[in-house]
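A quick write-up on the structure given underneath.
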Amino acid sequence: MVKKAEKIWFDGSLVDWDAAQVHVLTHSLHYGLAVFEGIRCYKTVKGSAVFRHREHIQRLLNSAHIVRIPAPYSVDEIMTAVRDTIKANSQDECYIRPLIFLGDGPMGLNPMNSPVRTSIITWSWGTYLGEEGLSKGIRLKTSSFSRNHINCQMSRAKVSGHYVNSILAKREALEDGYDEALLLDVAGYVAECSGENIFVVSNGEISTPPPGSILPGITRDSIFKIASDLGYTVKETPITRDDLYLADEIFLCGTAAEVTPVREVDLRQVGAGVRGSVTREIQNKFFDIVSGKDEKYFGWLDFI
């Protein structure tokens with residue numbers, strides 16, 4: 001269960017958590033047309049800070065633009081609302097969920113006259129794939145579900161309805177005893193996991209699937225910069241399942257999962273079956289950055 005906070009920002013005002021309610025005829029509840037973000041606020045050595053705040057809110061508005069939801073607030077207005085919500089809830093660190101959705105209005109597949117609603121929820125949420133997964137790695141299963149073709153959904157938009165595909169894959173993996181699901185694209189190449197981007201390390205080289213059917217994550221973008229500063233080059237290239245089986249290391253990244261190593265794919269051990277040295281180096285740097293220990297990356301931290 002999500003642990004309640006005091007306040008939720010809803011359509012321009014801070015309201016009590018239990019007062020943030022919608023009608024059962026809410027359009028997005030029926031048809032899934034809504035856009036959202038997942039963001040983290042970290043407790044750093046210099047105070048609380050939202051990681052890559054502006055980039056996340058800009059993507060939120062980009063997503064709304066792609067699916068033609070008229071966003072009622074600007075990037076700066078939503079960023080201010082995020083800060084206000086964290087302060088109102090007296091949270092040193094938290095997970096942040098901005099959501100732009102269509103409220104109750106006309107039913108049917110024409111959403112043009114539905115009211116646009118905006119909410120910001122913050123709550124305490126630990127490591128998505130488990131603390132043990134961060135150090136020992138997780139088990140990954142290739143899903144029987146494929147990631148949608150780029151002309152079936154707009155992959156650069158973080159749309160609520162797109163995640164039905166992820167839910168089906170995630171449940172399948174969990175019920176089969178794995179920690180996470182790997183989805184292939186319709187051509188059979190590695191795409192991404194149910195909620196994370198994937199990176200592969202082979203012979204000291206790092207690769208990741210190219211944009212297309214994947215959501216190009218903001219944490220993914222951070223990994224490119226971190227890896228480069230550590231002396232690595234990340235190559236965007238098609239990746240096959242057997243590339244994963246033969247990899248020295250694999251790791252996942254995302255706002256919720258942060259940087260999580262993979263120790264097994266489809267019953268095949270990855271490398272030595274433990275977190276590899278490249279993954280550890282990138283992971284350590286990432287956590288140094290989000291905890292405010294590296295001033296070089298202060299531009300990624302919006303201090304509250």
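Labels for the structure tokens follow display order: chains A, B, ..., residues from 1 in each chain, ligands from 1.
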Give me, as a CSV table (one decimal) with all heavy atoms, in the first residue's frame, all polymer residues having an atom no more than 8 Å from region 71-75 of chain A, counting only C-alpha atoms and skipping those fewer than 4 positions away in the same chain.
chain,number,residue,atom,x,y,z
A,54,ARG,N,13.5,19.4,-14.2
A,54,ARG,CA,13.0,20.0,-15.4
A,54,ARG,C,12.8,19.1,-16.6
A,54,ARG,O,11.8,19.2,-17.4
A,54,ARG,CB,13.9,21.2,-15.8
A,54,ARG,CG,13.4,22.0,-17.0
A,54,ARG,CD,14.2,23.3,-17.2
A,54,ARG,NE,14.0,24.2,-16.1
A,54,ARG,CZ,13.0,25.1,-16.0
A,54,ARG,NH1,12.1,25.1,-17.0
A,54,ARG,NH2,12.9,25.9,-15.0
A,57,ILE,N,9.5,17.1,-16.2
A,57,ILE,CA,8.3,17.9,-16.4
A,57,ILE,C,8.2,18.3,-17.8
A,57,ILE,O,7.1,18.3,-18.4
A,57,ILE,CB,8.3,19.1,-15.4
A,57,ILE,CG1,8.4,18.7,-14.0
A,57,ILE,CG2,7.0,19.9,-15.7
A,57,ILE,CD1,7.3,17.7,-13.5
A,58,GLN,N,9.3,18.6,-18.5
A,58,GLN,CA,9.3,18.9,-19.9
A,58,GLN,C,8.8,17.6,-20.7
A,58,GLN,O,8.0,17.8,-21.6
A,58,GLN,CB,10.6,19.3,-20.4
A,58,GLN,CG,10.7,19.7,-21.9
A,58,GLN,CD,9.8,20.9,-22.2
A,58,GLN,OE1,10.0,21.9,-21.7
A,58,GLN,NE2,8.7,20.7,-23.0
A,61,LEU,N,5.0,17.4,-20.4
A,61,LEU,CA,4.3,18.2,-21.3
A,61,LEU,C,4.5,17.8,-22.8
A,61,LEU,O,3.5,17.9,-23.6
A,61,LEU,CB,4.7,19.7,-21.1
A,61,LEU,CG,3.8,20.5,-20.2
A,61,LEU,CD1,3.8,19.9,-18.8
A,61,LEU,CD2,4.3,21.9,-20.1
A,64,ALA,N,2.0,15.1,-23.3
A,64,ALA,CA,0.6,15.6,-23.5
A,64,ALA,C,0.5,16.2,-24.9
A,64,ALA,O,-0.6,16.0,-25.5
A,64,ALA,CB,0.4,16.7,-22.4
A,65,HIS,N,1.5,16.8,-25.4
A,65,HIS,CA,1.4,17.4,-26.7
A,65,HIS,C,1.3,16.3,-27.8
A,65,HIS,O,0.5,16.4,-28.7
A,65,HIS,CB,2.7,18.2,-27.0
A,65,HIS,CG,2.8,18.8,-28.4
A,65,HIS,ND1,2.0,19.8,-28.8
A,65,HIS,CD2,3.6,18.4,-29.4
A,65,HIS,CE1,2.3,20.0,-30.1
A,65,HIS,NE2,3.3,19.2,-30.5
A,79,MET,N,6.7,22.5,-11.9
A,79,MET,CA,7.9,22.4,-11.0
A,79,MET,C,7.7,23.0,-9.7
A,79,MET,O,8.0,22.5,-8.6
A,79,MET,CB,9.1,22.9,-11.7
A,79,MET,CG,9.6,22.1,-12.9
A,79,MET,SD,11.1,22.8,-13.7
A,79,MET,CE,12.3,22.7,-12.4
A,100,ILE,N,-1.4,14.1,-15.7
A,100,ILE,CA,-2.4,14.9,-16.5
A,100,ILE,C,-3.4,14.0,-17.1
A,100,ILE,O,-3.0,13.1,-17.9
A,100,ILE,CB,-1.7,15.8,-17.5
A,100,ILE,CG1,-0.6,16.7,-16.9
A,100,ILE,CG2,-2.7,16.6,-18.3
A,100,ILE,CD1,0.2,17.5,-17.9
A,116,VAL,N,-9.5,18.8,-18.6
A,116,VAL,CA,-8.2,18.3,-18.3
A,116,VAL,C,-7.9,18.6,-16.8
A,116,VAL,O,-8.0,19.7,-16.3
A,116,VAL,CB,-7.1,19.1,-19.2
A,116,VAL,CG1,-5.7,18.6,-18.9
A,116,VAL,CG2,-7.4,18.8,-20.7
A,118,THR,N,-5.1,17.9,-13.5
A,118,THR,CA,-3.7,17.7,-13.2
A,118,THR,C,-3.5,17.5,-11.7
A,118,THR,O,-4.1,18.2,-10.8
A,118,THR,CB,-2.8,19.0,-13.5
A,118,THR,OG1,-3.1,19.3,-14.9
A,118,THR,CG2,-1.3,18.7,-13.4
Pick out the residues sitting within 7 Å of Val190 (chain A), and hand them over as a ChimeraX atom specification; count only C-alpha atoms, and ignore anything fewer than 5 positions along from it in its own chain. /A:183-185,209,239-241
Restricting the calculation to only C-alpha atoms, which member of A:Leu25, A:Ile304, A:Ile214, A:Leu252 is positioned closest to Leu134 (chain A)?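 Nearest to Leu134 (chain A): A:Leu252.
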Non-local contacts of region 81-85 of chain A (12 Å; only C-alpha atoms; under 5 positions in same chain excluded) as a compact mmCIF listing (two decimals) with C-alpha atoms, in the first residue's frame:
# COMPACT_ATOMS: atom_id res chain seq x y z
CA ALA A 5 1.06 11.84 2.90
CA GLU A 6 -0.73 14.95 4.13
CA LYS A 7 -1.40 16.73 0.85
CA ILE A 8 -1.87 16.19 -2.88
CA TRP A 9 -1.63 19.02 -5.40
CA PHE A 10 -4.82 18.90 -7.47
CA ASP A 11 -5.75 21.38 -10.21
CA GLY A 12 -3.83 24.25 -8.72
CA SER A 13 -4.38 23.72 -4.99
CA LEU A 14 -3.02 21.58 -2.19
CA VAL A 15 -5.83 19.39 -0.85
CA ASP A 16 -6.00 16.74 1.85
CA TRP A 17 -4.88 13.31 0.65
CA GLU A 37 5.97 10.96 -14.89
CA GLY A 38 7.91 9.13 -12.22
CA ILE A 39 10.46 11.36 -10.46
CA ARG A 40 12.52 11.01 -7.30
CA CYS A 41 13.44 13.51 -4.64
CA SER A 48 16.57 17.51 -0.45
CA ALA A 49 16.73 17.70 -4.25
CA VAL A 50 14.59 16.52 -7.17
CA HIS A 53 13.29 17.79 -12.38
CA ARG A 54 12.96 20.04 -15.41
CA HIS A 56 10.91 15.11 -16.34
CA ILE A 57 8.32 17.88 -16.38
CA TYR A 73 0.15 24.48 -16.70
CA SER A 74 3.66 25.39 -17.81
CA VAL A 75 6.85 23.53 -16.94
CA ASP A 76 7.78 26.14 -14.34
CA SER A 90 7.58 17.56 5.07
CA GLN A 91 9.34 14.89 3.01
CA ASP A 92 13.13 14.64 2.94
CA GLU A 93 12.90 12.19 0.04
CA CYS A 94 10.02 10.74 -1.92
CA TYR A 95 8.71 9.41 -5.21
CA ILE A 96 6.81 12.00 -7.26
CA ARG A 97 3.93 11.23 -9.63
CA PRO A 98 2.63 14.12 -11.76
CA LEU A 99 -0.43 13.08 -13.75
CA THR A 118 -3.66 17.72 -13.17
CA SER A 119 -2.44 16.14 -9.95
CA ILE A 120 0.89 15.71 -8.16
CA ILE A 121 1.27 12.93 -5.60
CA THR A 122 4.35 12.31 -3.46
CA TRP A 123 4.97 9.28 -1.29
CA ASP A 302 16.79 20.89 -8.10
CA PHE A 303 17.29 21.66 -4.43
CA ILE A 304 14.11 22.22 -2.46
Which polymer residues have any atom within 8 Å of an atom of Phe224 (chain A), counting only C-alpha atoms, with same-chain residues fewer than 3 positions away left out, as a PyMOL selection string? chain A and resi 220-221+227-228+233-234
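By chain and then residue number, the residues within 9 Å of Ile289 (chain A) are Thr44, Glu295, Lys296, Tyr297, Phe298, Trp300 and Leu301 of chain A, counting only C-alpha atoms and disregarding those fewer than 6 positions away in sequence.
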Strand (DSSP E) per DSSP on the backbone: members of region 51-299 of chain A, as a PyMOL selection string: chain A and resi 51+94-102+116-123+138-142+180-184+190-193+197-202+205-208+234-236+249-254+258-265+268-269
Mind giving me the straight-line distance from CA of Ser194 (chain A) to CA of Ala181 (chain A) in Å, one decimal? 5.8 Å
So how many Å separate CA of Arg156 (chain A) and CA of Val24 (chain A), to one decimal? 28.6 Å
Find the spatial neighbours of Arg147 (chain A), counting only C-alpha atoms, within a cut-off of 12 Å - ignore same-chain residues fewer than 5 positions away - and output them as a ChimeraX atom specification. /A:142,152-155,162-169,181-195,212-215
Choose the residue, out of A:Arg268, A:Arg52, A:Lys87, A:Lys225, that has the smallest atom-to-atom separation from Thr255 (chain A); count only C-alpha atoms. A:Arg52
Report the distance between CA of Cys253 (chain A) and CA of Ala157 (chain A) in Å, rounded to one decimal place.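 Straight-line distance from CA of Cys253 (chain A) to CA of Ala157 (chain A) works out to 18.0 Å.
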Taking the chain letters and numbering used in this document, name the residues of region 9-180 of chain A that DSSP puts in alpha helix (DSSP H), as a PyMOL selection string. chain A and resi 27-31+53-66+75-88+131-136+163-175
Between A:Asn151, A:Thr260, A:Asn203, A:Asn89, single out the one closest to Asn284 (chain A), counting only C-alpha atoms. A:Thr260
For a quick check of understanding, using only C-alpha atoms, which of A:Lys141, A:Arg280, A:Lys46, A:Lys4 has the smallest distance to Lys170 (chain A)?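 Closest residue, counting only C-alpha atoms: A:Lys141.
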